[in-house]
Amino acid sequence: MSVRGYGFAIRTTFVFLAFIMQLLTLLGFITFASALPNYHRNNTIQCPIIFDGRILLNTSITSFDSAATSPYSPQYVKGENLTWSQILLLPNTTSASRFDSPSIHRPLEVTINDASLFRTSQGLQLGFRRAGLLLKDDKNPVGADAADQGVVTFHWSVKQDAARPMNLSHEYMNVWHEKADYSGNQFTFVGGVVLKVDGGTGEDTPEERGSWKVQNAKNQFVFQTKIEQDVWQSFAIKLDHANK
């Protein structure tokens, strides 16, 4: 049986970049991330950051248990009676992601297991394993923060952990942007075999197991690429809030 996973043993860095389009006065994010350190790419465009999920080099694992020291909410969304310091890892790696400066940042690893059961008002979600990091400054009401206005792009990088491989006969929702009314996602970045209820076929094939997929708000697949096992993979998704 396939089980959805909302976080897993994969090294992840998040960065949300934005710039002002002076003529259109739209707040947005640029796909090529030109605000990043010069060792990646020199560019004349400068991009202020709205929400930055990157982890500083001196961050301790217990920092994620407090809103005062974590870029993420210490409460959501995770297994009952677990703390983030029990879920997250700060792995040592010899390579930096597209968005990290090795002298400033470090990767973050999310793990799940059978204790990763989230409790809703209806009880434990037994069909799910959840460990979803939520940026603490993100506000749920529509238009409540800059990330919900104009054209925005989400940037992230992922890398597999060979010591904790994903069981890709299952569905792994890695990154998604949920609608304010919780009726669905505006986009979903998913790996493994996607269940029929989530828009997939539920069929366990080598192609399904071995690919990252992007779904739109209707759960339609709009992009697919191979899951690499030993290198960083970087992605960007643009949302146009002005022209829904």
# chains A, B, ... in the order shown; residues from 1 in each chain; ligands from 1

$ residues_around --residues "Thr62 in chain A" --least-positions-apart "5" --cutoff "12 Å" --atoms "only C-alpha atoms" --output "PDB file with N, CA and C atoms, in the first residue's frame"
ATOM      1  N   ALA A  67      10.473  29.448  18.484  1.00  0.00           N
ATOM      2  CA  ALA A  67      10.196  30.451  17.467  1.00  0.00           C
ATOM      3  C   ALA A  67      11.212  31.590  17.510  1.00  0.00           C
ATOM      4  N   ALA A  68      11.887  31.758  18.627  1.00  0.00           N
ATOM      5  CA  ALA A  68      12.872  32.829  18.760  1.00  0.00           C
ATOM      6  C   ALA A  68      14.157  32.531  17.997  1.00  0.00           C
ATOM      7  N   THR A  69      14.415  31.261  17.711  1.00  0.00           N
ATOM      8  CA  THR A  69      15.683  30.879  17.091  1.00  0.00           C
ATOM      9  C   THR A  69      15.525  30.100  15.797  1.00  0.00           C
ATOM     10  N   SER A  70      14.309  29.780  15.406  1.00  0.00           N
ATOM     11  CA  SER A  70      14.080  28.998  14.186  1.00  0.00           C
ATOM     12  C   SER A  70      13.383  29.844  13.130  1.00  0.00           C
ATOM     13  N   PRO A  74       7.746  26.252  15.307  1.00  0.00           N
ATOM     14  CA  PRO A  74       8.120  25.102  16.134  1.00  0.00           C
ATOM     15  C   PRO A  74       6.952  24.148  16.388  1.00  0.00           C
ATOM     16  N   THR A  83       9.310  16.776  18.928  1.00  0.00           N
ATOM     17  CA  THR A  83       9.876  18.104  18.731  1.00  0.00           C
ATOM     18  C   THR A  83      10.664  18.092  17.431  1.00  0.00           C
ATOM     19  N   TRP A  84      10.912  19.283  16.879  1.00  0.00           N
ATOM     20  CA  TRP A  84      11.672  19.338  15.636  1.00  0.00           C
ATOM     21  C   TRP A  84      13.104  18.866  15.825  1.00  0.00           C
ATOM     22  N   SER A  85      13.649  19.025  17.011  1.00  0.00           N
ATOM     23  CA  SER A  85      15.013  18.537  17.246  1.00  0.00           C
ATOM     24  C   SER A  85      15.086  17.016  17.222  1.00  0.00           C
ATOM     25  N   GLN A  86      13.943  16.349  17.353  1.00  0.00           N
ATOM     26  CA  GLN A  86      13.887  14.891  17.218  1.00  0.00           C
ATOM     27  C   GLN A  86      13.670  14.460  15.769  1.00  0.00           C
ATOM     28  N   ILE A  87      13.250  15.378  14.923  1.00  0.00           N
ATOM     29  CA  ILE A  87      12.897  15.063  13.541  1.00  0.00           C
ATOM     30  C   ILE A  87      13.998  15.451  12.570  1.00  0.00           C
ATOM     31  N   LEU A  88      14.607  16.607  12.812  1.00  0.00           N
ATOM     32  CA  LEU A  88      15.555  17.178  11.857  1.00  0.00           C
ATOM     33  C   LEU A  88      16.985  16.723  12.128  1.00  0.00           C
ATOM     34  N   LEU A  89      17.785  16.760  11.082  1.00  0.00           N
ATOM     35  CA  LEU A  89      19.217  16.494  11.165  1.00  0.00           C
ATOM     36  C   LEU A  89      19.958  17.635  10.491  1.00  0.00           C
ATOM     37  N   LEU A  90      21.188  17.862  10.927  1.00  0.00           N
ATOM     38  CA  LEU A  90      22.064  18.847  10.298  1.00  0.00           C
ATOM     39  C   LEU A  90      23.269  18.103   9.753  1.00  0.00           C
TER      40      LEU A  90
END

$ atom_distance --atom1 "CA of Ala147 in chain A" --atom2 "CA of Leu56 in chain A"
22.2 Å

$ closest_atom_pairs --of "range 123-188 of chain A" --to "range 95-113 of chain A" --cutoff "12 Å" --atoms "only C-alpha atoms" --output "CSV"
residue,atom,partner,partner_atom,distance
A:Phe128,CA,A:Ile112,CA,10.2
A:Arg129,CA,A:Ile112,CA,6.5
A:Arg130,CA,A:Ile112,CA,6.9
A:Ala131,CA,A:Ile112,CA,6.6
A:Gly132,CA,A:Val110,CA,8.6
A:Leu133,CA,A:Val110,CA,8.8
A:Phe154,CA,A:Phe99,CA,11.9
A:His155,CA,A:Phe99,CA,8.4
A:Trp156,CA,A:Phe99,CA,7.6
A:Ser157,CA,A:Ser97,CA,6.3
A:Val158,CA,A:Ser97,CA,7.9
A:Lys159,CA,A:Ser97,CA,8.4
A:Gln160,CA,A:Glu109,CA,9.4
A:Asp161,CA,A:Glu109,CA,8.6
A:Ala163,CA,A:Thr111,CA,11.6
A:Arg164,CA,A:Thr111,CA,8.4
A:Pro165,CA,A:Thr111,CA,10.3
A:Met166,CA,A:Thr111,CA,9.8
A:Asn167,CA,A:Ile112,CA,11.4
A:Tyr172,CA,A:Ile112,CA,10.7
A:Asn174,CA,A:Val110,CA,10.0

$ write_last_selection --atoms "N, CA and C atoms" --output "JSON list (two decimals), in the first residue's frame"
[["chain", "number", "residue", "atom", "x", "y", "z"],
["A", 128, "PHE", "N", -0.93, 8.73, 6.93],
["A", 128, "PHE", "CA", 0.07, 9.73, 6.59],
["A", 128, "PHE", "C", 1.26, 9.66, 7.53],
["A", 129, "ARG", "N", 2.41, 10.09, 7.03],
["A", 129, "ARG", "CA", 3.57, 10.35, 7.88],
["A", 129, "ARG", "C", 3.95, 11.79, 7.57],
["A", 130, "ARG", "N", 3.90, 12.67, 8.58],
["A", 130, "ARG", "CA", 4.02, 14.09, 8.30],
["A", 130, "ARG", "C", 5.17, 14.73, 9.08],
["A", 131, "ALA", "N", 5.95, 15.54, 8.38],
["A", 131, "ALA", "CA", 6.95, 16.41, 8.98],
["A", 131, "ALA", "C", 7.12, 17.57, 8.02],
["A", 132, "GLY", "N", 6.22, 18.53, 8.11],
["A", 132, "GLY", "CA", 6.18, 19.64, 7.16],
["A", 132, "GLY", "C", 6.62, 20.94, 7.80],
["A", 133, "LEU", "N", 7.72, 21.50, 7.35],
["A", 133, "LEU", "CA", 8.22, 22.77, 7.88],
["A", 133, "LEU", "C", 7.41, 23.94, 7.31],
["A", 154, "PHE", "N", 8.96, 30.40, -5.87],
["A", 154, "PHE", "CA", 9.55, 29.64, -4.77],
["A", 154, "PHE", "C", 10.77, 28.88, -5.29],
["A", 155, "HIS", "N", 11.87, 28.98, -4.57],
["A", 155, "HIS", "CA", 13.11, 28.31, -4.95],
["A", 155, "HIS", "C", 13.51, 27.32, -3.86],
["A", 156, "TRP", "N", 13.99, 26.15, -4.26],
["A", 156, "TRP", "CA", 14.53, 25.20, -3.28],
["A", 156, "TRP", "C", 15.48, 24.23, -3.98],
["A", 157, "SER", "N", 16.31, 23.58, -3.17],
["A", 157, "SER", "CA", 17.22, 22.54, -3.66],
["A", 157, "SER", "C", 17.06, 21.29, -2.79],
["A", 158, "VAL", "N", 17.23, 20.12, -3.40],
["A", 158, "VAL", "CA", 17.12, 18.87, -2.66],
["A", 158, "VAL", "C", 18.26, 17.93, -3.04],
["A", 159, "LYS", "N", 18.64, 17.10, -2.09],
["A", 159, "LYS", "CA", 19.65, 16.08, -2.33],
["A", 159, "LYS", "C", 19.32, 14.84, -1.50],
["A", 160, "GLN", "N", 19.53, 13.68, -2.09],
["A", 160, "GLN", "CA", 19.18, 12.43, -1.41],
["A", 160, "GLN", "C", 20.24, 12.07, -0.36],
["A", 161, "ASP", "N", 19.78, 11.36, 0.67],
["A", 161, "ASP", "CA", 20.66, 10.82, 1.69],
["A", 161, "ASP", "C", 20.73, 9.31, 1.48],
["A", 163, "ALA", "N", 22.13, 7.07, 3.12],
["A", 163, "ALA", "CA", 21.99, 6.29, 4.35],
["A", 163, "ALA", "C", 20.53, 6.16, 4.79],
["A", 164, "ARG", "N", 19.66, 7.03, 4.27],
["A", 164, "ARG", "CA", 18.23, 7.02, 4.62],
["A", 164, "ARG", "C", 17.42, 7.17, 3.35],
["A", 165, "PRO", "N", 17.44, 6.19, 2.48],
["A", 165, "PRO", "CA", 16.76, 6.33, 1.18],
["A", 165, "PRO", "C", 15.24, 6.33, 1.33],
["A", 166, "MET", "N", 14.59, 7.03, 0.43],
["A", 166, "MET", "CA", 13.13, 7.01, 0.39],
["A", 166, "MET", "C", 12.65, 5.69, -0.20],
["A", 167, "ASN", "N", 11.53, 5.21, 0.28],
["A", 167, "ASN", "CA", 10.85, 4.07, -0.32],
["A", 167, "ASN", "C", 9.94, 4.63, -1.40],
["A", 172, "TYR", "N", 5.76, 10.90, -1.87],
["A", 172, "TYR", "CA", 6.42, 11.86, -0.99],
["A", 172, "TYR", "C", 6.15, 13.28, -1.47],
["A", 174, "ASN", "N", 7.09, 16.78, -1.19],
["A", 174, "ASN", "CA", 8.29, 17.43, -0.69],
["A", 174, "ASN", "C", 8.08, 18.92, -0.44]]

$ atom_distance --atom1 "CA of Val222 in chain A" --atom2 "CA of Lys238 in chain A"
12.7 Å

$ residues_around --residues "range 226-231 of chain A" --least-positions-apart "3" --cutoff "6 Å" --atoms "only C-alpha atoms" --output "MDAnalysis selection string"
chainID A and resid 160 210:212

$ select_by_dssp --residues "range 4-239 of chain A" --states "strand (DSSP E)" --output "MDAnalysis selection string"
chainID A and resid 4:5 10:17 19:21 26:28 55:56 88:89 105:106 108:110 119:120 123:124 128:129 151:160 171:178 185:192 211:215 221:226 233:239

$ closest_residue --among "A:Leu195, A:Val77, A:Leu126, A:Leu134" --to "Phe51 in chain A" --atoms "only C-alpha atoms"
A:Leu134

$ atom_distance --atom1 "CA of Asp52 in chain A" --atom2 "CA of Tyr72 in chain A"
9.7 Å

$ closest_residue --among "A:Asp240, A:Val193, A:Pro141, A:Gln233" --to "Pro206 in chain A" --atoms "only C-alpha atoms"
A:Val193

$ select_by_dssp --residues "range 28-205 of chain A" --states "helix (DSSP H, G or I)" --output "ChimeraX atom specification"
/A:61-65,84-87,146-148,196-198

$ write_last_selection --atoms "C-alpha atoms" --output "compact mmCIF listing (two decimals), in the first residue's frame"
# COMPACT_ATOMS: atom_id res chain seq x y z
CA ILE A 61 19.44 21.30 16.28
CA THR A 62 17.57 22.54 19.37
CA SER A 63 17.14 25.95 17.72
CA PHE A 64 14.22 24.52 15.76
CA ASP A 65 12.21 23.99 18.95
CA TRP A 84 11.67 19.34 15.64
CA SER A 85 15.01 18.54 17.25
CA GLN A 86 13.89 14.89 17.22
CA ILE A 87 12.90 15.06 13.54
CA ALA A 146 4.13 39.97 0.47
CA ALA A 147 4.37 36.36 -0.74
CA ASP A 148 0.64 36.40 -1.55
CA LYS A 196 -5.03 8.08 -7.40
CA VAL A 197 -6.67 10.31 -4.80
CA ASP A 198 -3.85 12.81 -5.36

$ closest_residue --among "A:Glu178, A:Val214, A:Gly202, A:Leu124" --to "Ala236 in chain A" --atoms "only C-alpha atoms"
A:Val214
